[in-house]
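Data file: final11.cif. Format and content: mmCIF, C-alpha atoms; chains and numbers go by the auth columns.
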```cif
data_coords
loop_
_atom_site.group_PDB
_atom_site.id
_atom_site.type_symbol
_atom_site.label_atom_id
_atom_site.label_comp_id
_atom_site.label_asym_id
_atom_site.label_seq_id
_atom_site.Cartn_x
_atom_site.Cartn_y
_atom_site.Cartn_z
_atom_site.B_iso_or_equiv
_atom_site.auth_seq_id
_atom_site.auth_asym_id
ATOM 1 C CA MET A 1 0.000 0.000 0.000 0.00 1 A
ATOM 2 C CA SER A 2 1.409 3.357 -0.976 0.00 2 A
ATOM 3 C CA SER A 3 0.200 6.496 0.716 0.00 3 A
ATOM 4 C CA THR A 4 1.111 10.126 0.922 0.00 4 A
ATOM 5 C CA TYR A 5 -0.450 10.366 4.404 0.00 5 A
ATOM 6 C CA LYS A 6 2.044 11.119 7.168 0.00 6 A
ATOM 7 C CA ALA A 7 1.336 11.024 10.887 0.00 7 A
ATOM 8 C CA PRO A 8 1.338 14.589 12.231 0.00 8 A
ATOM 9 C CA ASP A 9 4.397 16.021 13.967 0.00 9 A
ATOM 10 C CA GLY A 10 4.096 15.485 17.694 0.00 10 A
ATOM 11 C CA THR A 11 2.462 12.063 17.358 0.00 11 A
ATOM 12 C CA SER A 12 4.043 9.648 19.803 0.00 12 A
ATOM 13 C CA ILE A 13 3.434 6.293 21.413 0.00 13 A
ATOM 14 C CA GLY A 14 1.384 7.011 24.511 0.00 14 A
ATOM 15 C CA HIS A 15 1.626 3.680 26.317 0.00 15 A
ATOM 16 C CA VAL A 16 2.296 -0.017 26.029 0.00 16 A
ATOM 17 C CA HIS A 17 -0.075 -2.621 27.439 0.00 17 A
ATOM 18 C CA LEU A 18 1.450 -6.026 28.166 0.00 18 A
ATOM 19 C CA LYS A 19 -0.034 -9.412 28.926 0.00 19 A
ATOM 20 C CA VAL A 20 1.811 -10.869 31.924 0.00 20 A
ATOM 21 C CA SER A 21 1.570 -14.202 33.702 0.00 21 A
ATOM 22 C CA ASP A 22 1.959 -12.901 37.272 0.00 22 A
ATOM 23 C CA LEU A 23 0.855 -9.349 38.073 0.00 23 A
ATOM 24 C CA ASP A 24 2.736 -9.079 41.377 0.00 24 A
ATOM 25 C CA ARG A 25 5.982 -10.234 39.750 0.00 25 A
ATOM 26 C CA ALA A 26 5.500 -7.748 36.882 0.00 26 A
ATOM 27 C CA LEU A 27 4.859 -4.939 39.395 0.00 27 A
ATOM 28 C CA GLU A 28 8.086 -5.821 41.203 0.00 28 A
ATOM 29 C CA PHE A 29 9.931 -5.277 37.906 0.00 29 A
ATOM 30 C CA TYR A 30 8.217 -2.184 36.474 0.00 30 A
ATOM 31 C CA ARG A 31 7.367 -0.416 39.756 0.00 31 A
ATOM 32 C CA ASP A 32 9.970 -1.565 42.264 0.00 32 A
ATOM 33 C CA LEU A 33 12.989 -2.014 39.960 0.00 33 A
ATOM 34 C CA LEU A 34 12.446 0.474 37.113 0.00 34 A
ATOM 35 C CA GLY A 35 10.658 3.006 39.337 0.00 35 A
ATOM 36 C CA PHE A 36 7.392 3.590 37.471 0.00 36 A
ATOM 37 C CA GLU A 37 4.598 4.821 39.743 0.00 37 A
ATOM 38 C CA LEU A 38 1.427 2.797 40.188 0.00 38 A
ATOM 39 C CA THR A 39 -1.498 5.002 39.117 0.00 39 A
ATOM 40 C CA THR A 40 -4.372 2.533 39.385 0.00 40 A
ATOM 41 C CA MET A 41 -5.287 -1.120 39.786 0.00 41 A
ATOM 42 C CA TYR A 42 -8.223 -2.957 38.240 0.00 42 A
ATOM 43 C CA GLY A 43 -8.827 -5.541 40.944 0.00 43 A
ATOM 44 C CA ASP A 44 -6.089 -8.152 41.020 0.00 44 A
ATOM 45 C CA GLN A 45 -5.917 -8.528 37.233 0.00 45 A
ATOM 46 C CA ALA A 46 -4.524 -5.262 35.866 0.00 46 A
ATOM 47 C CA ALA A 47 -2.261 -2.400 36.875 0.00 47 A
ATOM 48 C CA PHE A 48 -1.367 0.898 35.250 0.00 48 A
ATOM 49 C CA LEU A 49 1.930 2.693 35.862 0.00 49 A
ATOM 50 C CA SER A 50 3.506 5.953 34.786 0.00 50 A
ATOM 51 C CA ALA A 51 6.415 8.331 35.023 0.00 51 A
ATOM 52 C CA GLY A 52 5.615 11.893 36.031 0.00 52 A
ATOM 53 C CA ARG A 53 1.994 11.292 37.074 0.00 53 A
ATOM 54 C CA TYR A 54 0.701 10.673 33.532 0.00 54 A
ATOM 55 C CA HIS A 55 -2.400 8.419 33.572 0.00 55 A
ATOM 56 C CA HIS A 56 -0.293 5.507 32.339 0.00 56 A
ATOM 57 C CA HIS A 57 2.708 4.644 30.233 0.00 57 A
ATOM 58 C CA ILE A 58 2.519 0.930 31.036 0.00 58 A
ATOM 59 C CA GLY A 59 -0.515 -1.294 31.341 0.00 59 A
ATOM 60 C CA LEU A 60 -0.095 -4.797 32.733 0.00 60 A
ATOM 61 C CA ASN A 61 -2.818 -7.431 32.787 0.00 61 A
ATOM 62 C CA THR A 62 -3.423 -11.129 33.335 0.00 62 A
ATOM 63 C CA TRP A 63 -6.824 -11.218 31.577 0.00 63 A
ATOM 64 C CA HIS A 64 -5.735 -13.871 29.063 0.00 64 A
ATOM 65 C CA SER A 65 -2.286 -14.785 30.344 0.00 65 A
ATOM 66 C CA LYS A 66 -2.394 -15.590 34.084 0.00 66 A
ATOM 67 C CA GLY A 67 0.046 -18.413 34.758 0.00 67 A
ATOM 68 C CA GLY A 68 1.004 -18.502 31.069 0.00 68 A
ATOM 69 C CA THR A 69 4.370 -19.063 29.490 0.00 69 A
ATOM 70 C CA PRO A 70 6.472 -16.489 27.626 0.00 70 A
ATOM 71 C CA ALA A 71 5.691 -15.998 23.926 0.00 71 A
ATOM 72 C CA PRO A 72 7.862 -18.139 21.659 0.00 72 A
ATOM 73 C CA ARG A 73 11.064 -16.334 20.715 0.00 73 A
ATOM 74 C CA ASN A 74 10.825 -17.241 17.027 0.00 74 A
ATOM 75 C CA SER A 75 7.301 -16.025 16.346 0.00 75 A
ATOM 76 C CA ALA A 76 5.634 -12.752 15.500 0.00 76 A
ATOM 77 C CA GLY A 77 5.015 -10.378 18.389 0.00 77 A
ATOM 78 C CA LEU A 78 6.503 -7.561 20.392 0.00 78 A
ATOM 79 C CA TYR A 79 10.299 -7.347 20.067 0.00 79 A
ATOM 80 C CA HIS A 80 10.775 -4.919 22.927 0.00 80 A
ATOM 81 C CA THR A 81 9.319 -1.935 24.685 0.00 81 A
ATOM 82 C CA ALA A 82 11.611 1.096 24.819 0.00 82 A
ATOM 83 C CA PHE A 83 11.685 3.663 27.609 0.00 83 A
ATOM 84 C CA LEU A 84 13.310 6.975 26.745 0.00 84 A
ATOM 85 C CA TYR A 85 15.209 8.615 29.601 0.00 85 A
ATOM 86 C CA PRO A 86 15.531 12.411 29.508 0.00 86 A
ATOM 87 C CA THR A 87 19.296 12.601 30.115 0.00 87 A
ATOM 88 C CA ARG A 88 22.424 10.476 29.932 0.00 88 A
ATOM 89 C CA LYS A 89 22.778 10.795 33.695 0.00 89 A
ATOM 90 C CA ASP A 90 19.247 9.399 34.173 0.00 90 A
ATOM 91 C CA LEU A 91 20.150 6.418 32.005 0.00 91 A
ATOM 92 C CA ALA A 92 23.356 5.933 34.002 0.00 92 A
ATOM 93 C CA ARG A 93 21.344 5.899 37.259 0.00 93 A
ATOM 94 C CA ILE A 94 19.042 3.072 36.145 0.00 94 A
ATOM 95 C CA VAL A 95 21.991 1.110 34.728 0.00 95 A
ATOM 96 C CA LYS A 96 23.828 1.432 38.044 0.00 96 A
ATOM 97 C CA ARG A 97 20.684 0.264 39.846 0.00 97 A
ATOM 98 C CA LEU A 98 20.455 -2.822 37.619 0.00 98 A
ATOM 99 C CA ILE A 99 24.147 -3.610 38.119 0.00 99 A
ATOM 100 C CA ASP A 100 23.989 -3.035 41.897 0.00 100 A
ATOM 101 C CA ILE A 101 21.168 -5.553 42.363 0.00 101 A
ATOM 102 C CA GLY A 102 22.587 -7.985 39.807 0.00 102 A
ATOM 103 C CA TYR A 103 19.669 -7.811 37.365 0.00 103 A
ATOM 104 C CA PRO A 104 20.746 -9.438 34.084 0.00 104 A
ATOM 105 C CA ILE A 105 21.461 -7.016 31.244 0.00 105 A
ATOM 106 C CA SER A 106 21.266 -8.753 27.865 0.00 106 A
ATOM 107 C CA GLY A 107 22.894 -6.013 25.790 0.00 107 A
ATOM 108 C CA ALA A 108 24.277 -2.486 25.646 0.00 108 A
ATOM 109 C CA SER A 109 24.509 -0.662 22.324 0.00 109 A
ATOM 110 C CA ASP A 110 25.546 2.670 20.905 0.00 110 A
ATOM 111 C CA HIS A 111 23.235 3.323 17.958 0.00 111 A
ATOM 112 C CA GLY A 112 24.802 6.638 16.987 0.00 112 A
ATOM 113 C CA VAL A 113 21.534 8.466 17.607 0.00 113 A
ATOM 114 C CA SER A 114 21.047 6.862 21.015 0.00 114 A
ATOM 115 C CA GLU A 115 22.618 4.784 23.775 0.00 115 A
ATOM 116 C CA ALA A 116 20.642 1.742 24.877 0.00 116 A
ATOM 117 C CA ILE A 117 20.575 -0.990 27.505 0.00 117 A
ATOM 118 C CA TYR A 118 18.602 -4.183 26.880 0.00 118 A
ATOM 119 C CA LEU A 119 17.060 -6.588 29.373 0.00 119 A
ATOM 120 C CA ASN A 120 14.009 -8.810 29.746 0.00 120 A
ATOM 121 C CA ASP A 121 11.117 -8.469 32.143 0.00 121 A
ATOM 122 C CA PRO A 122 10.093 -11.530 34.203 0.00 122 A
ATOM 123 C CA ASP A 123 7.798 -12.726 31.371 0.00 123 A
ATOM 124 C CA GLY A 124 10.569 -12.572 28.784 0.00 124 A
ATOM 125 C CA ASN A 125 9.314 -9.340 27.195 0.00 125 A
ATOM 126 C CA GLY A 126 12.227 -7.342 25.806 0.00 126 A
ATOM 127 C CA VAL A 127 12.866 -3.968 27.441 0.00 127 A
ATOM 128 C CA GLU A 128 15.101 -1.205 26.118 0.00 128 A
ATOM 129 C CA LEU A 129 16.197 1.638 28.381 0.00 129 A
ATOM 130 C CA TYR A 130 17.757 4.427 26.342 0.00 130 A
ATOM 131 C CA ARG A 131 18.559 8.082 25.864 0.00 131 A
ATOM 132 C CA ASP A 132 18.701 9.984 22.598 0.00 132 A
ATOM 133 C CA ARG A 133 21.683 12.059 21.629 0.00 133 A
ATOM 134 C CA PRO A 134 20.817 15.625 20.610 0.00 134 A
ATOM 135 C CA LYS A 135 19.673 15.679 16.965 0.00 135 A
ATOM 136 C CA GLU A 136 22.596 17.977 16.119 0.00 136 A
ATOM 137 C CA GLU A 137 24.907 15.015 16.827 0.00 137 A
ATOM 138 C CA TRP A 138 23.126 12.586 14.499 0.00 138 A
ATOM 139 C CA ASP A 139 24.774 11.568 11.227 0.00 139 A
ATOM 140 C CA TYR A 140 22.883 11.506 7.936 0.00 140 A
ATOM 141 C CA ARG A 141 23.441 9.628 4.701 0.00 141 A
ATOM 142 C CA GLY A 142 23.639 11.387 1.342 0.00 142 A
ATOM 143 C CA ASP A 143 19.950 10.652 0.714 0.00 143 A
ATOM 144 C CA GLY A 144 18.970 12.413 3.963 0.00 144 A
ATOM 145 C CA SER A 145 18.153 9.237 5.904 0.00 145 A
ATOM 146 C CA ILE A 146 19.497 8.855 9.425 0.00 146 A
ATOM 147 C CA GLU A 147 22.714 6.898 9.838 0.00 147 A
ATOM 148 C CA MET A 148 22.263 4.370 12.644 0.00 148 A
ATOM 149 C CA ALA A 149 24.590 1.649 13.892 0.00 149 A
ATOM 150 C CA THR A 150 24.837 -1.029 16.538 0.00 150 A
ATOM 151 C CA GLU A 151 28.177 -0.668 18.263 0.00 151 A
ATOM 152 C CA PRO A 152 29.149 -1.724 21.798 0.00 152 A
ATOM 153 C CA LEU A 153 28.217 0.814 24.471 0.00 153 A
ATOM 154 C CA ASP A 154 30.983 1.750 26.889 0.00 154 A
ATOM 155 C CA LEU A 155 29.216 1.178 30.219 0.00 155 A
ATOM 156 C CA ASN A 156 32.134 2.566 32.220 0.00 156 A
ATOM 157 C CA ASP A 157 31.920 5.826 30.284 0.00 157 A
ATOM 158 C CA LEU A 158 28.152 5.932 30.818 0.00 158 A
ATOM 159 C CA LEU A 159 28.517 5.270 34.543 0.00 159 A
ATOM 160 C CA GLY A 160 31.134 8.058 34.653 0.00 160 A
ATOM 161 C CA GLU A 161 28.145 10.431 34.448 0.00 161 A
ATOM 162 C CA LEU A 162 27.530 9.616 38.115 0.00 162 A
ATOM 163 C CA GLU A 163 30.984 10.553 39.425 0.00 163 A
ATOM 164 C CA SER A 164 29.805 13.975 40.538 0.00 164 A
ATOM 165 C CA GLU A 165 27.040 12.494 42.729 0.00 165 A
#
```
Show me the file's structure as C-alpha cells.
Amino acid sequence: MSSTYKAPDGTSIGHVHLKVSDLDRALEFYRDLLGFELTTMYGDQAAFLSAGRYHHHIGLNTWHSKGGTPAPRNSAGLYHTAFLYPTRKDLARIVKRLIDIGYPISGASDHGVSEAIYLNDPDGNGVELYRDRPKEEWDYRGDGSIEMATEPLDLNDLLGELESE
C-alpha cells in the first residue's frame, strides 16, 4: 500500500499494554525495579503505571495470560518496549541500579543516535532503556536518511556520568 499520508508532527506512542503471567511479579519489575509509579489497579488482574503522574505509560494485565508461558522467541510479536530517559545521567542511574542488584542485562549498544541498555522483564518481554543524543549530533546519509549503527556501548563511560554524585 502506498500512501502520501504522514502522521502529524508530535504524534508519539502514549503507552504499552502487556499481557503478563503474574501481576505481582511484573509490578516488582516495572514499579519496584524500574521506578514507574502505580497510578491505578483494576482488581487483582490489571495495573497501570507511569512516570511523572501521567495516567499511564505501562498497562499490565493477566486477563488472558495468568500463569502462562512467555511468547515463543521465534514467532511474530513484540520485540521490545523502549523507555526513553531524559538525560544520559538518568540512564546511568538506572543502569547502576540494575548492576547493583545484579539484574541481568542482555545487551548495551551505541546506535549513533542513542545509547541503549537491553534486558528482559520476568515474562521474557524485551525492554530497552535508552537516551537519545541531541539531533545535532546525528549523522545523515547522502539521501537524507538517518545513519544508525549497533556498536558496543561503553558502560564505564556511561557510569562516569555519576561521578559527581
### Query
Care to translate the PyMOL selection byres ((chain A and resi 88-95) around 8) into actual residues of this file, as a list in words?
Leu34, Tyr85, Pro86, Thr87, Lys96, Arg97, Leu98, Ile99, Ile117, Leu129, Tyr130, Arg131, Leu158, Leu159, Glu161 and Leu162 of chain A
### Task
Determine, counting all atoms listed in the file, which protein, DNA and RNA residues have an atom within 8 Å of an atom of stretch 148-155 of chain A; residues of the same chain fewer than 5 positions away are not included. Present the result as an NGL selection string.
:A and (108-113 or 115-116 or 139)
### Task
Please evaluate the PyMOL selection byres ((chain A and resi 11-19) around 8) against the displayed coordinates and give the resulting residues as JSON, numbers by chain.
{"A": [7, 8, 9, 10, 20, 21, 56, 57, 58, 59, 60, 61, 62, 63, 64, 65, 81]}
### Task
Tell me, in Å to one decimal, how far atom CA of A:His80 is from atom CA of A:Thr4.
28.4 Å
### Task
Using atom CA of A:Glu37 and atom CA of A:Asp157 as the two end points, give the distance in Å to one decimal.
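Those two atoms sit 28.9 Å apart.
For the pair atom CA of A:Leu27 and atom CA of A:Gly107, the interatomic distance is 22.6 Å.
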Could you complete stretch 153-164 of chain A so that it carries N, CA and C atoms, and give it back as an mmCIF file, in the frame of the given file?
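Once everything was written out, this is out.cif:
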```cif
data_model
loop_
_atom_site.group_PDB
_atom_site.id
_atom_site.type_symbol
_atom_site.label_atom_id
_atom_site.label_comp_id
_atom_site.auth_asym_id
_atom_site.auth_seq_id
_atom_site.Cartn_x
_atom_site.Cartn_y
_atom_site.Cartn_z
ATOM 1 N N LEU A 153 28.312 -0.369 23.616
ATOM 2 C CA LEU A 153 28.217 0.814 24.471
ATOM 3 C C LEU A 153 29.230 0.679 25.598
ATOM 4 N N ASP A 154 29.995 1.718 25.818
ATOM 5 C CA ASP A 154 30.983 1.750 26.889
ATOM 6 C C ASP A 154 30.261 2.047 28.203
ATOM 7 N N LEU A 155 29.954 1.005 28.965
ATOM 8 C CA LEU A 155 29.216 1.178 30.219
ATOM 9 C C LEU A 155 30.010 1.974 31.245
ATOM 10 N N ASN A 156 31.322 1.804 31.268
ATOM 11 C CA ASN A 156 32.134 2.566 32.220
ATOM 12 C C ASN A 156 32.043 4.063 31.934
ATOM 13 N N ASP A 157 32.046 4.422 30.649
ATOM 14 C CA ASP A 157 31.920 5.826 30.284
ATOM 15 C C ASP A 157 30.529 6.344 30.680
ATOM 16 N N LEU A 158 29.514 5.548 30.429
ATOM 17 C CA LEU A 158 28.152 5.932 30.818
ATOM 18 C C LEU A 158 28.061 6.122 32.331
ATOM 19 N N LEU A 159 28.578 5.178 33.084
ATOM 20 C CA LEU A 159 28.517 5.270 34.543
ATOM 21 C C LEU A 159 29.370 6.419 35.076
ATOM 22 N N GLY A 160 30.336 6.889 34.277
ATOM 23 C CA GLY A 160 31.134 8.058 34.653
ATOM 24 C C GLY A 160 30.280 9.301 34.836
ATOM 25 N N GLU A 161 29.077 9.318 34.272
ATOM 26 C CA GLU A 161 28.145 10.431 34.448
ATOM 27 C C GLU A 161 27.793 10.633 35.915
ATOM 28 N N LEU A 162 27.951 9.578 36.710
ATOM 29 C CA LEU A 162 27.530 9.616 38.115
ATOM 30 C C LEU A 162 28.646 10.011 39.073
ATOM 31 N N GLU A 163 29.838 10.255 38.560
ATOM 32 C CA GLU A 163 30.984 10.553 39.425
ATOM 33 C C GLU A 163 30.798 11.809 40.259
ATOM 34 N N SER A 164 30.002 12.729 39.797
ATOM 35 C CA SER A 164 29.805 13.975 40.538
ATOM 36 C C SER A 164 28.719 13.846 41.603
#
```
